[in-house]
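Source file: query.csv. Holds: CSV, C-alpha atoms and all ligand atoms.
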chain,number,residue,atom,x,y,z
N,945,MET,CA,-17.4,-7.0,-70.9
N,946,THR,CA,-19.5,-7.3,-67.8
N,947,ASN,CA,-20.3,-4.6,-65.3
N,948,PHE,CA,-19.9,-7.0,-62.5
N,949,PRO,CA,-16.6,-6.9,-60.6
N,950,LEU,CA,-14.6,-9.9,-61.6
N,951,PRO,CA,-13.1,-12.0,-58.8
N,952,ALA,CA,-9.5,-11.1,-58.2
N,953,VAL,CA,-8.3,-14.5,-59.5
N,954,ALA,CA,-10.0,-14.0,-62.8
N,955,LEU,CA,-8.6,-10.5,-63.1
N,956,MET,CA,-5.1,-11.7,-62.5
N,957,GLY,CA,-5.6,-14.5,-65.0
N,958,ALA,CA,-6.6,-11.9,-67.5
N,959,ALA,CA,-3.6,-9.8,-66.7
N,960,LEU,CA,-1.4,-12.9,-67.2
N,961,LEU,CA,-3.0,-13.5,-70.6
N,962,VAL,CA,-2.5,-10.0,-71.7
N,963,THR,CA,1.0,-9.4,-70.5
N,964,GLY,CA,2.2,-13.0,-70.7
N,965,VAL,CA,4.3,-12.2,-67.5
N,966,ALA,CA,3.8,-14.3,-64.4
N,967,GLN,CA,3.1,-12.4,-61.3
N,968,PRO,CA,5.1,-12.8,-58.1
N,969,ALA,CA,3.7,-15.7,-56.1
N,970,SER,CA,2.3,-13.4,-53.4
N,971,ALA,CA,0.2,-11.5,-56.0
N,972,HIS,CA,-1.9,-14.5,-56.7
N,973,SER,CA,-4.8,-14.8,-54.4
N,974,SER,CA,-5.2,-18.4,-55.6
N,975,GLN,CA,-1.6,-19.1,-54.4
N,976,PRO,CA,-1.4,-21.4,-51.4
N,977,ALA,CA,-1.0,-19.7,-48.1
N,978,PRO,CA,2.7,-19.2,-47.1
N,979,LEU,CA,4.1,-21.0,-44.1
N,980,ARG,CA,3.7,-18.0,-41.9
N,981,ALA,CA,0.0,-17.6,-42.5
N,982,LEU,CA,-0.5,-21.3,-41.5
N,983,ALA,CA,1.8,-20.9,-38.5
N,984,ASP,CA,-0.2,-17.9,-37.3
N,985,ARG,CA,-3.3,-20.0,-37.2
N,986,ALA,CA,-1.3,-22.8,-35.3
N,987,ASP,CA,-0.1,-20.2,-32.8
N,988,VAL,CA,3.6,-20.8,-33.4
N,989,ARG,CA,6.3,-18.7,-35.0
N,990,ILE,CA,7.9,-20.2,-38.2
N,991,GLY,CA,11.4,-18.9,-38.5
N,992,THR,CA,14.5,-19.1,-40.6
N,993,ALA,CA,18.2,-18.2,-40.2
N,994,VAL,CA,19.1,-15.3,-42.5
N,995,ASN,CA,22.2,-14.9,-44.5
N,996,MET,CA,22.8,-11.2,-44.7
N,997,THR,CA,24.8,-11.2,-47.8
N,998,ALA,CA,22.1,-13.1,-49.6
N,999,LEU,CA,19.5,-10.7,-48.2
N,1000,ALA,CA,21.3,-7.7,-49.6
N,1001,ASP,CA,22.1,-9.3,-53.0
N,1002,ASP,CA,19.4,-11.7,-54.0
N,1003,THR,CA,15.9,-10.4,-54.7
N,1004,THR,CA,14.3,-13.9,-54.7
N,1005,TYR,CA,15.8,-14.6,-51.3
N,1006,ARG,CA,14.7,-11.4,-49.9
N,1007,ARG,CA,11.1,-11.8,-51.2
N,1008,THR,CA,10.8,-15.4,-50.1
N,1009,THR,CA,12.2,-14.7,-46.6
N,1010,ALA,CA,9.6,-12.0,-46.1
N,1011,ARG,CA,6.8,-14.1,-47.6
N,1012,GLU,CA,7.3,-17.4,-45.8
N,1013,PHE,CA,8.5,-16.6,-42.3
N,1014,SER,CA,7.3,-14.9,-39.1
N,1015,SER,CA,10.6,-15.1,-37.3
N,1016,VAL,CA,14.2,-14.5,-38.3
N,1017,THR,CA,17.5,-15.5,-36.7
N,1018,ALA,CA,20.8,-13.9,-37.7
N,1019,GLU,CA,22.8,-16.9,-39.1
N,1020,ASN,CA,26.1,-15.1,-38.2
N,1021,VAL,CA,25.8,-11.3,-37.8
N,1022,MET,CA,24.9,-11.2,-34.1
N,1023,LYS,CA,27.9,-13.4,-33.1
N,1024,TRP,CA,30.7,-11.9,-31.0
N,1025,GLU,CA,33.3,-11.8,-33.8
N,1026,SER,CA,30.8,-9.9,-36.0
N,1027,VAL,CA,29.6,-7.3,-33.5
N,1028,GLU,CA,33.0,-6.6,-31.7
N,1029,PRO,CA,35.7,-7.4,-34.2
N,1030,GLN,CA,38.1,-5.1,-32.4
N,1031,ARG,CA,38.0,-4.7,-28.7
N,1032,GLY,CA,35.6,-1.9,-27.7
N,1033,THR,CA,34.7,-1.2,-31.3
N,1034,TYR,CA,31.2,-2.4,-32.1
N,1035,ASP,CA,29.7,-2.9,-35.5
N,1036,TRP,CA,25.9,-3.4,-35.4
N,1037,SER,CA,25.3,-2.5,-39.1
N,1038,LYS,CA,24.4,-5.9,-40.4
N,1039,ALA,CA,22.5,-7.0,-37.3
N,1040,ASP,CA,20.6,-3.7,-37.3
N,1041,ALA,CA,19.7,-4.3,-41.0
N,1042,LEU,CA,18.2,-7.6,-40.1
N,1043,VAL,CA,16.1,-6.1,-37.3
N,1044,ARG,CA,14.9,-3.4,-39.7
N,1045,PHE,CA,14.0,-6.0,-42.3
N,1046,ALA,CA,12.1,-7.9,-39.6
N,1047,ARG,CA,10.2,-4.8,-38.5
N,1048,ASP,CA,9.3,-3.9,-42.1
N,1049,HIS,CA,7.8,-7.4,-42.6
N,1050,GLY,CA,6.1,-8.0,-39.3
N,1051,GLN,CA,8.7,-10.6,-38.2
N,1052,ALA,CA,10.0,-11.4,-34.7
N,1053,VAL,CA,13.7,-11.7,-34.1
N,1054,ARG,CA,15.5,-14.5,-32.3
N,1055,GLY,CA,18.9,-13.5,-31.0
N,1056,HIS,CA,21.8,-15.8,-31.7
N,1057,THR,CA,24.1,-16.0,-29.7
N,1058,LEU,CA,25.7,-14.3,-26.7
N,1059,LEU,CA,28.1,-16.9,-25.4
N,1060,TRP,CA,29.7,-19.6,-27.6
N,1061,HIS,CA,33.1,-21.3,-27.9
N,1062,SER,CA,33.2,-20.6,-31.7
N,1063,GLN,CA,33.2,-17.4,-33.8
N,1064,LEU,CA,34.9,-15.5,-31.0
N,1065,PRO,CA,37.0,-12.4,-32.0
N,1066,GLY,CA,40.7,-13.0,-32.4
N,1067,TRP,CA,41.6,-10.3,-29.8
N,1068,LEU,CA,39.7,-12.3,-27.2
N,1069,THR,CA,41.1,-15.8,-28.0
N,1070,THR,CA,44.6,-14.5,-28.5
N,1071,GLY,CA,44.5,-12.5,-25.2
N,1072,VAL,CA,43.3,-15.6,-23.3
N,1073,ALA,CA,45.9,-17.8,-24.9
N,1074,ASP,CA,48.9,-15.5,-24.3
N,1075,GLY,CA,47.8,-14.7,-20.7
N,1076,SER,CA,47.3,-11.0,-21.3
N,1077,ILE,CA,43.6,-11.4,-20.4
N,1078,ASP,CA,43.3,-13.2,-17.0
N,1079,ALA,CA,40.2,-14.8,-15.6
N,1080,ALA,CA,39.0,-11.8,-13.7
N,1081,GLU,CA,39.3,-9.6,-16.8
N,1082,LEU,CA,37.6,-12.2,-19.0
N,1083,ARG,CA,34.6,-12.3,-16.6
N,1084,GLY,CA,34.4,-8.5,-17.0
N,1085,ILE,CA,34.7,-8.7,-20.7
N,1086,LEU,CA,31.9,-11.3,-20.9
N,1087,HIS,CA,29.7,-9.2,-18.6
N,1088,ASP,CA,30.2,-6.1,-20.8
N,1089,HIS,CA,29.6,-8.1,-24.1
N,1090,ILE,CA,26.3,-9.6,-22.9
N,1091,THR,CA,25.1,-6.3,-21.4
N,1092,THR,CA,26.1,-4.2,-24.4
N,1093,GLU,CA,24.6,-6.5,-27.0
N,1094,VAL,CA,21.3,-7.3,-25.1
N,1095,LYS,CA,20.8,-3.6,-24.3
N,1096,HIS,CA,21.5,-2.6,-28.0
N,1097,PHE,CA,18.6,-4.8,-29.1
N,1098,LYS,CA,16.4,-4.3,-26.0
N,1099,GLY,CA,12.7,-4.7,-26.8
N,1100,LYS,CA,13.5,-5.9,-30.4
N,1101,ILE,CA,14.4,-9.6,-29.7
N,1102,TYR,CA,11.8,-12.0,-28.3
N,1103,GLN,CA,14.1,-15.0,-27.6
N,1104,TRP,CA,17.9,-15.0,-27.0
N,1105,ASP,CA,20.2,-18.0,-27.3
N,1106,VAL,CA,22.2,-16.9,-24.2
N,1107,VAL,CA,24.5,-19.9,-24.0
N,1108,ASN,CA,25.2,-22.1,-27.0
N,1109,GLU,CA,26.5,-25.6,-27.1
N,1110,VAL,CA,28.0,-25.8,-23.6
N,1111,PHE,CA,27.7,-29.6,-23.2
N,1112,ASN,CA,29.5,-32.5,-24.8
N,1113,ASP,CA,27.4,-35.5,-26.1
N,1114,ASP,CA,28.2,-37.5,-23.0
N,1115,GLY,CA,26.7,-34.8,-20.7
N,1116,THR,CA,29.9,-33.3,-19.4
N,1117,LEU,CA,30.5,-29.6,-19.7
N,1118,ARG,CA,32.5,-28.6,-22.8
N,1119,ASN,CA,36.1,-27.7,-22.1
N,1120,SER,CA,35.8,-24.2,-23.5
N,1121,ILE,CA,37.8,-21.1,-22.5
N,1122,TRP,CA,34.7,-20.2,-20.4
N,1123,LEU,CA,34.8,-23.3,-18.4
N,1124,GLN,CA,38.6,-23.3,-18.1
N,1125,GLN,CA,38.8,-19.6,-17.0
N,1126,LEU,CA,35.6,-19.0,-15.1
N,1127,GLY,CA,34.4,-22.4,-13.9
N,1128,PRO,CA,30.8,-23.6,-14.4
N,1129,SER,CA,29.2,-20.5,-12.8
N,1130,TYR,CA,29.7,-18.6,-16.0
N,1131,ILE,CA,26.4,-20.1,-17.2
N,1132,ALA,CA,24.3,-18.6,-14.4
N,1133,ASP,CA,26.1,-15.4,-14.7
N,1134,ALA,CA,25.4,-15.1,-18.4
N,1135,PHE,CA,21.7,-15.5,-17.8
N,1136,ARG,CA,21.6,-13.0,-15.0
N,1137,TRP,CA,23.4,-10.4,-17.0
N,1138,ALA,CA,21.2,-10.9,-20.0
N,1139,HIS,CA,18.1,-10.7,-17.9
N,1140,ALA,CA,19.3,-7.5,-16.3
N,1141,ALA,CA,19.8,-5.9,-19.7
N,1142,ASP,CA,16.4,-6.9,-21.1
N,1143,PRO,CA,14.0,-8.4,-18.6
N,1144,LYS,CA,11.3,-9.1,-21.2
N,1145,ALA,CA,13.4,-11.3,-23.6
N,1146,LYS,CA,13.0,-15.0,-23.1
N,1147,LEU,CA,16.4,-16.5,-22.4
N,1148,PHE,CA,17.4,-19.9,-23.9
N,1149,LEU,CA,19.9,-22.6,-23.6
N,1150,ASN,CA,20.6,-24.0,-27.1
N,1151,ASP,CA,22.4,-27.0,-28.5
N,1152,TYR,CA,22.4,-29.8,-31.2
N,1153,ASN,CA,22.0,-33.6,-30.6
N,1154,VAL,CA,19.4,-32.8,-27.9
N,1155,GLU,CA,16.2,-33.7,-29.9
N,1156,GLY,CA,15.5,-36.9,-28.0
N,1157,ILE,CA,16.2,-38.0,-24.5
N,1158,ASN,CA,19.9,-38.8,-24.2
N,1159,ALA,CA,22.9,-38.0,-21.9
N,1160,LYS,CA,23.3,-34.5,-23.4
N,1161,SER,CA,19.6,-33.4,-23.2
N,1162,THR,CA,19.4,-34.9,-19.7
N,1163,ALA,CA,22.4,-32.8,-18.7
N,1164,TYR,CA,20.5,-29.7,-19.9
N,1165,TYR,CA,17.3,-30.8,-18.1
N,1166,GLU,CA,19.2,-31.2,-14.9
N,1167,LEU,CA,21.1,-27.9,-15.3
N,1168,ALA,CA,17.9,-26.0,-16.2
N,1169,GLY,CA,16.1,-27.5,-13.1
N,1170,ARG,CA,19.0,-26.5,-10.8
N,1171,LEU,CA,19.2,-23.0,-12.3
N,1172,ARG,CA,15.5,-22.4,-12.0
N,1173,ALA,CA,15.5,-23.7,-8.4
N,1174,GLU,CA,18.2,-21.1,-7.7
N,1175,GLY,CA,16.1,-18.3,-9.3
N,1176,VAL,CA,18.4,-17.9,-12.3
N,1177,PRO,CA,16.4,-16.4,-15.2
N,1178,VAL,CA,16.5,-19.2,-17.8
N,1179,GLN,CA,13.2,-19.6,-19.5
N,1180,GLY,CA,13.8,-21.7,-22.6
N,1181,PHE,CA,15.4,-24.8,-24.1
N,1182,GLY,CA,16.4,-24.5,-27.7
N,1183,ILE,CA,16.8,-27.7,-29.7
N,1184,GLN,CA,18.8,-27.0,-32.9
N,1185,GLY,CA,17.5,-29.9,-34.9
N,1186,HIS,CA,20.4,-30.5,-37.3
N,1187,LEU,CA,19.5,-34.0,-38.5
N,1188,GLY,CA,20.7,-36.4,-41.2
N,1189,ILE,CA,18.5,-39.1,-42.7
N,1190,GLN,CA,21.4,-41.6,-42.6
N,1191,TYR,CA,21.3,-41.5,-38.8
N,1192,GLY,CA,17.6,-42.3,-38.3
N,1193,PHE,CA,15.0,-40.1,-36.6
N,1194,PRO,CA,15.7,-39.4,-32.9
N,1195,GLY,CA,13.3,-41.1,-30.4
N,1196,ASP,CA,11.4,-39.5,-27.5
N,1197,VAL,CA,11.3,-36.0,-29.0
N,1198,SER,CA,7.9,-35.3,-27.5
N,1199,ASP,CA,8.8,-36.7,-24.1
N,1200,ASN,CA,11.9,-34.6,-24.2
N,1201,LEU,CA,9.9,-31.4,-24.8
N,1202,ALA,CA,7.4,-32.5,-22.1
N,1203,ARG,CA,10.0,-32.7,-19.4
N,1204,PHE,CA,11.3,-29.2,-20.1
N,1205,ALA,CA,7.6,-28.0,-20.2
N,1206,GLY,CA,7.3,-29.7,-16.8
N,1207,LEU,CA,10.0,-27.3,-15.5
N,1208,GLY,CA,7.8,-24.4,-16.6
N,1209,MET,CA,10.0,-23.6,-19.5
N,1210,GLN,CA,9.4,-22.7,-23.1
N,1211,THR,CA,10.9,-24.9,-25.8
N,1212,ALA,CA,11.8,-24.1,-29.5
N,1213,PHE,CA,13.3,-25.8,-32.5
N,1214,THR,CA,16.0,-23.3,-33.4
N,1215,GLU,CA,18.1,-24.5,-36.4
N,1216,VAL,CA,16.3,-27.3,-38.2
N,1217,ASP,CA,17.8,-28.8,-41.3
N,1218,VAL,CA,17.9,-32.4,-42.5
N,1219,ARG,CA,20.9,-33.4,-44.6
N,1220,MET,CA,21.5,-36.4,-46.8
N,1221,VAL,CA,24.3,-38.2,-48.6
N,1222,LEU,CA,24.3,-36.9,-52.2
N,1223,PRO,CA,23.0,-37.5,-54.8
N,1224,VAL,CA,19.5,-36.5,-54.1
N,1225,ASP,CA,16.7,-38.9,-55.1
N,1226,ALA,CA,13.0,-39.0,-54.6
N,1227,GLU,CA,13.1,-41.5,-51.8
N,1228,LYS,CA,15.6,-39.5,-49.8
N,1229,LEU,CA,13.5,-36.4,-50.2
N,1230,ALA,CA,10.4,-38.2,-49.0
N,1231,THR,CA,12.3,-39.4,-45.9
N,1232,GLN,CA,13.6,-35.9,-45.3
N,1233,ALA,CA,10.1,-34.6,-45.4
N,1234,THR,CA,9.1,-37.0,-42.6
N,1235,TYR,CA,12.0,-35.8,-40.5
N,1236,PHE,CA,11.0,-32.1,-40.8
N,1237,ARG,CA,7.4,-33.1,-40.1
N,1238,GLY,CA,8.4,-35.2,-37.1
N,1239,LEU,CA,10.1,-32.3,-35.4
N,1240,LEU,CA,7.3,-29.9,-36.3
N,1241,ASP,CA,4.6,-32.3,-34.9
N,1242,ALA,CA,6.6,-32.6,-31.7
N,1243,CYS,CA,6.6,-28.8,-31.5
N,1244,LEU,CA,2.9,-28.4,-32.2
N,1245,GLY,CA,2.2,-31.2,-29.7
N,1246,SER,CA,3.6,-29.3,-26.8
N,1247,ARG,CA,2.2,-25.9,-25.7
N,1248,SER,CA,5.7,-25.1,-24.5
N,1249,CYS,CA,7.0,-24.9,-28.1
N,1250,THR,CA,6.7,-21.4,-29.3
N,1251,SER,CA,8.9,-21.3,-32.4
N,1252,PHE,CA,10.1,-23.6,-35.2
N,1253,THR,CA,13.1,-22.2,-37.0
N,1254,VAL,CA,14.9,-23.7,-40.0
N,1255,TRP,CA,18.6,-23.0,-40.5
N,1256,GLY,CA,18.1,-21.5,-43.9
N,1257,TYR,CA,15.4,-22.6,-46.3
N,1258,THR,CA,17.3,-22.9,-49.7
N,1259,ASP,CA,20.2,-25.1,-50.5
N,1260,LYS,CA,21.7,-22.1,-52.3
N,1261,TYR,CA,22.9,-20.7,-49.0
N,1262,SER,CA,23.1,-23.8,-46.7
N,1263,TRP,CA,26.1,-24.3,-44.5
N,1264,VAL,CA,25.9,-28.1,-44.8
N,1265,PRO,CA,27.9,-28.9,-48.0
N,1266,GLY,CA,30.8,-26.7,-46.8
N,1267,VAL,CA,31.1,-28.7,-43.6
N,1268,PHE,CA,30.0,-32.3,-44.4
N,1269,THR,CA,31.7,-33.4,-47.6
N,1270,GLY,CA,29.4,-35.3,-50.0
N,1271,GLN,CA,26.3,-34.2,-48.1
N,1272,GLY,CA,23.7,-31.5,-48.6
N,1273,ALA,CA,20.2,-30.8,-49.9
N,1274,ALA,CA,19.3,-30.1,-46.2
N,1275,THR,CA,16.7,-27.4,-46.6
N,1276,LEU,CA,13.1,-26.9,-47.7
N,1277,MET,CA,13.9,-25.6,-51.2
N,1278,ASP,CA,16.6,-26.4,-53.8
N,1279,GLU,CA,19.2,-24.0,-55.1
N,1280,ASP,CA,16.6,-22.5,-57.5
N,1281,PHE,CA,14.0,-22.0,-54.7
N,1282,VAL,CA,11.9,-24.9,-55.9
N,1283,THR,CA,10.1,-26.4,-53.0
N,1284,LYS,CA,10.8,-30.0,-51.9
N,1285,PRO,CA,8.4,-32.5,-50.3
N,1286,ALA,CA,9.7,-31.2,-46.9
N,1287,TYR,CA,8.1,-27.8,-47.6
N,1288,GLY,CA,4.8,-29.4,-48.3
N,1289,ALA,CA,5.1,-31.5,-45.2
N,1290,LEU,CA,5.6,-28.4,-43.0
N,1291,ARG,CA,2.6,-26.8,-44.7
N,1292,GLU,CA,0.4,-29.8,-44.0
N,1293,GLY,CA,1.6,-30.0,-40.4
N,1294,LEU,CA,1.0,-26.3,-39.8
N,1295,ALA,CA,-2.4,-26.6,-41.4
N,1296,ALA,CA,-3.3,-29.5,-39.1
N,1297,GLY,CA,-2.5,-27.2,-36.2
N,1298,ARG,CA,-2.0,-28.0,-32.6
N,1301,LIG,O1,25.5,-21.5,-40.4
N,1301,LIG,C1,26.6,-20.9,-39.7
N,1301,LIG,C2,27.8,-20.9,-40.6
N,1301,LIG,O2,27.5,-19.9,-41.7
N,1301,LIG,C3,29.0,-20.5,-39.9
N,1301,LIG,O3,30.1,-20.5,-40.7
N,1301,LIG,C4,29.2,-21.4,-38.7
N,1301,LIG,C5,30.4,-21.1,-37.9
N,1301,LIG,O4,30.7,-22.0,-36.9
N,1301,LIG,O5,28.0,-21.3,-37.9
N,1301,LIG,C6,26.9,-21.8,-38.5
N,1301,LIG,O6,25.8,-21.8,-37.6
N,1301,LIG,C7,25.9,-22.7,-36.5
N,1301,LIG,C8,25.1,-22.0,-35.4
N,1301,LIG,O7,25.6,-20.7,-35.1
N,1301,LIG,C9,25.2,-22.8,-34.1
N,1301,LIG,N1,24.8,-24.2,-34.3
N,1301,LIG,C10,25.4,-24.9,-35.5
N,1301,LIG,C11,25.3,-24.0,-36.7
N,1301,LIG,C12,25.8,-24.8,-37.9
N,1301,LIG,O8,27.2,-25.0,-37.8

Starting from the file, give its structure as structure tokens.
Ligand code: 9MR
Amino acid sequence: MTNFPLPAVALMGAALLVTGVAQPASAHSSQPAPLRALADRADVRIGTAVNMTALADDTTYRRTTAREFSSVTAENVMKWESVEPQRGTYDWSKADALVRFARDHGQAVRGHTLLWHSQLPGWLTTGVADGSIDAAELRGILHDHITTEVKHFKGKIYQWDVVNEVFNDDGTLRNSIWLQQLGPSYIADAFRWAHAADPKAKLFLNDYNVEGINAKSTAYYELAGRLRAEGVPVQGFGIQGHLGIQYGFPGDVSDNLARFAGLGMQTAFTEVDVRMVLPVDAEKLATQATYFRGLLDACLGSRSCTSFTVWGYTDKYSWVPGVFTGQGAATLMDEDFVTKPAYGALREGLAAGR
């Protein structure tokens, strides 16, 4: 034996030889830096949607979520049906658990989402459908929901998806109960109410199929410009980034970010995943990696882009196969948490920096 202190790597190698038990990845100083360490250096948050059942039950999931990401988004537990399942009865337990997890691991929290046409509580949709909730009452309910939820998390959420998926692909407003009952002014109202409840949170519009320049993203651009000219507190444009390799990579992503930056807004990729028609093969995984990298590079290429969030990082818990029959493998790791080329592509992109 030597008196000289051994380098940590050698010590761990010795421990491995003695015990024959592999250490958790984070215990190896020779282990490549996790995504979040590289993201810190690139001055961007790297995030994931979090499945709260998996976080409670699956140790590997919990450990990997903590190790790799500097931002978390509730995949479901901050949505209206989760937080107010009965009228006036709030249940914050799962959402609070995520906020605690984030605090314990030095992660920021994206709030998702205050106003959507989907995952609304039954009491609300039924009341509107049978006429027992009229337009004036609905407006009050929306005000109370946004105010209560944003106040509950005040100071703990850095970005809120205030309104989610309000346009159709052709750039017309979605025919939701909000538009039908309240008219288009519900959007400005939602931002004003959220801002009053937490003036420091950055407030986002958020949608899918808006990566490139198209009718839908242009509708958002024009809406955001109008709202900001009127002094409505909307500060960010969230691009979900649900792609599929069979559709090709969207064009003009950087130009799209640049025009929102030109309005003085932040941008973010909020729900990135890249699905494929199964079965998986090496060529598809390589293509998938270029799609993840393409979105990340667009983000890093624009100072406006403050966070890059994937919609789950393991196929074990991805929403994709349940919705798109015959498709899947949309995330950075397979069902056994083995990293795919896409994970390496994000590492390389983050390491290259802005
Ligand atoms: O991933 C979410 C899934 O678990 C839910 O069942 C689904 C309900 O509609 O919502 C999914 O998340 C969506 C997100 O909230 C908004 N953009 C599209 C996402 C994928 O559908």

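All residues of protein, DNA or RNA that reach within 10 Å of Asp1278 (chain N), judged by only C-alpha atoms and not counting those fewer than 5 positions away in the chain, are Tyr1257, Thr1258, Asp1259, Lys1260, Tyr1261, Ser1262, Ala1273, Thr1283 and Lys1284 of chain N.
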
Within 10 Å of ligand LIG 1301 (chain N), counting all atoms listed in the file: which residues, as a JSON list (two decimals) with C-alpha atoms, in the frame of the given file?
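Writing done, so here's out-v3.json:
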[["chain", "number", "residue", "atom", "x", "y", "z"],
["N", 993, "ALA", "CA", 18.20, -18.20, -40.20],
["N", 994, "VAL", "CA", 19.10, -15.30, -42.50],
["N", 995, "ASN", "CA", 22.20, -14.90, -44.50],
["N", 1017, "THR", "CA", 17.50, -15.50, -36.70],
["N", 1018, "ALA", "CA", 20.80, -13.90, -37.70],
["N", 1019, "GLU", "CA", 22.80, -16.90, -39.10],
["N", 1020, "ASN", "CA", 26.10, -15.10, -38.20],
["N", 1021, "VAL", "CA", 25.80, -11.30, -37.80],
["N", 1022, "MET", "CA", 24.90, -11.20, -34.10],
["N", 1023, "LYS", "CA", 27.90, -13.40, -33.10],
["N", 1056, "HIS", "CA", 21.80, -15.80, -31.70],
["N", 1057, "THR", "CA", 24.10, -16.00, -29.70],
["N", 1060, "TRP", "CA", 29.70, -19.60, -27.60],
["N", 1061, "HIS", "CA", 33.10, -21.30, -27.90],
["N", 1062, "SER", "CA", 33.20, -20.60, -31.70],
["N", 1063, "GLN", "CA", 33.20, -17.40, -33.80],
["N", 1064, "LEU", "CA", 34.90, -15.50, -31.00],
["N", 1105, "ASP", "CA", 20.20, -18.00, -27.30],
["N", 1108, "ASN", "CA", 25.20, -22.10, -27.00],
["N", 1109, "GLU", "CA", 26.50, -25.60, -27.10],
["N", 1150, "ASN", "CA", 20.60, -24.00, -27.10],
["N", 1151, "ASP", "CA", 22.40, -27.00, -28.50],
["N", 1152, "TYR", "CA", 22.40, -29.80, -31.20],
["N", 1183, "ILE", "CA", 16.80, -27.70, -29.70],
["N", 1184, "GLN", "CA", 18.80, -27.00, -32.90],
["N", 1185, "GLY", "CA", 17.50, -29.90, -34.90],
["N", 1186, "HIS", "CA", 20.40, -30.50, -37.30],
["N", 1214, "THR", "CA", 16.00, -23.30, -33.40],
["N", 1215, "GLU", "CA", 18.10, -24.50, -36.40],
["N", 1216, "VAL", "CA", 16.30, -27.30, -38.20],
["N", 1217, "ASP", "CA", 17.80, -28.80, -41.30],
["N", 1255, "TRP", "CA", 18.60, -23.00, -40.50],
["N", 1256, "GLY", "CA", 18.10, -21.50, -43.90],
["N", 1261, "TYR", "CA", 22.90, -20.70, -49.00],
["N", 1262, "SER", "CA", 23.10, -23.80, -46.70],
["N", 1263, "TRP", "CA", 26.10, -24.30, -44.50],
["N", 1264, "VAL", "CA", 25.90, -28.10, -44.80],
["N", 1266, "GLY", "CA", 30.80, -26.70, -46.80],
["N", 1267, "VAL", "CA", 31.10, -28.70, -43.60]]

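Among the candidates N:Met1277, N:Leu1123, N:Val988, N:Leu1059, the residue lying nearest to Cys1243 (chain N) is N:Val988 (atoms considered: only C-alpha atoms).
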
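Across N:Gln1179, N:Ser1120, N:His1049, N:Val1027, the tightest approach to Tyr1102 (chain N) is made by N:Gln1179 when counting all atoms listed in the file.
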
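Relative to CA of Phe1268 (chain N), CA of Ala1163 (chain N) is found at 26.8 Å.
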
In the coordinates of the file, take the point (7.7, -14.5, -36.8) and a cut-off of 10 Å; then, counting all atoms listed in the file, name each qualifying protein, DNA or RNA residue as a VMD selection string. chain N and resid 980 983 to 984 988 to 992 1010 1012 to 1017 1046 1049 to 1054 1102 1251 to 1253

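For the pair CA of Thr997 (chain N) and CA of Arg1291 (chain N), the separation is 27.3 Å.
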
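When all atoms listed in the file are used to measure the gap to Arg1203 (chain N), the shortest distance among N:Ile1101, N:Val1282, N:Ala1168, N:Ala977 belongs to N:Ala1168.
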
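For the pair CA of Pro1177 (chain N) and CA of Ala1132 (chain N), the separation is 8.2 Å.
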
Protein/DNA/RNA residues near (8.3, -22.0, -26.9), cut 6 Å, all atoms listed in the file, as a list in words: Gln1210, Thr1211, Ala1212, Ser1248, Cys1249, Thr1250 and Ser1251 of chain N

Calculated over all atoms listed in the file, which of the candidates N:Gly1156, N:Gly1055, N:Gly1182, N:Val1221 has the smallest distance to Lys1100 (chain N)? N:Gly1055

Using only C-alpha atoms, which residues sit within 9 Å of Leu1126 (chain N) once same-chain residues fewer than 2 positions away are excluded, as a PyMOL selection string? chain N and resi 1079-1080+1082-1083+1121-1124+1128-1130

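For the set N:Phe1213, N:Gly1206, N:Gly1272, N:Pro978, the residue with the smallest atom-to-atom gap to Gln1232 (chain N) is N:Gly1272, counting all atoms listed in the file.
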
Show which residues sit within 12 Å of Glu1292 (chain N), as an mmCIF file with C-alpha atoms, keeping the file's coordinate frame. Count only C-alpha atoms, and ignore same-chain residues fewer than 3 positions away.
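Below you can see selection_22.cif, which holds the result:
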data_model
loop_
_atom_site.group_PDB
_atom_site.id
_atom_site.type_symbol
_atom_site.label_atom_id
_atom_site.label_comp_id
_atom_site.auth_asym_id
_atom_site.auth_seq_id
_atom_site.Cartn_x
_atom_site.Cartn_y
_atom_site.Cartn_z
ATOM 1 C CA PRO N 976 -1.400 -21.400 -51.400
ATOM 2 C CA ALA N 977 -1.000 -19.700 -48.100
ATOM 3 C CA PRO N 978 2.700 -19.200 -47.100
ATOM 4 C CA LEU N 979 4.100 -21.000 -44.100
ATOM 5 C CA LEU N 982 -0.500 -21.300 -41.500
ATOM 6 C CA ALA N 983 1.800 -20.900 -38.500
ATOM 7 C CA ALA N 986 -1.300 -22.800 -35.300
ATOM 8 C CA ALA N 1233 10.100 -34.600 -45.400
ATOM 9 C CA THR N 1234 9.100 -37.000 -42.600
ATOM 10 C CA PHE N 1236 11.000 -32.100 -40.800
ATOM 11 C CA ARG N 1237 7.400 -33.100 -40.100
ATOM 12 C CA GLY N 1238 8.400 -35.200 -37.100
ATOM 13 C CA LEU N 1240 7.300 -29.900 -36.300
ATOM 14 C CA ASP N 1241 4.600 -32.300 -34.900
ATOM 15 C CA PRO N 1285 8.400 -32.500 -50.300
ATOM 16 C CA ALA N 1286 9.700 -31.200 -46.900
ATOM 17 C CA TYR N 1287 8.100 -27.800 -47.600
ATOM 18 C CA GLY N 1288 4.800 -29.400 -48.300
ATOM 19 C CA ALA N 1289 5.100 -31.500 -45.200
ATOM 20 C CA ALA N 1295 -2.400 -26.600 -41.400
ATOM 21 C CA ALA N 1296 -3.300 -29.500 -39.100
ATOM 22 C CA GLY N 1297 -2.500 -27.200 -36.200
ATOM 23 C CA ARG N 1298 -2.000 -28.000 -32.600
#
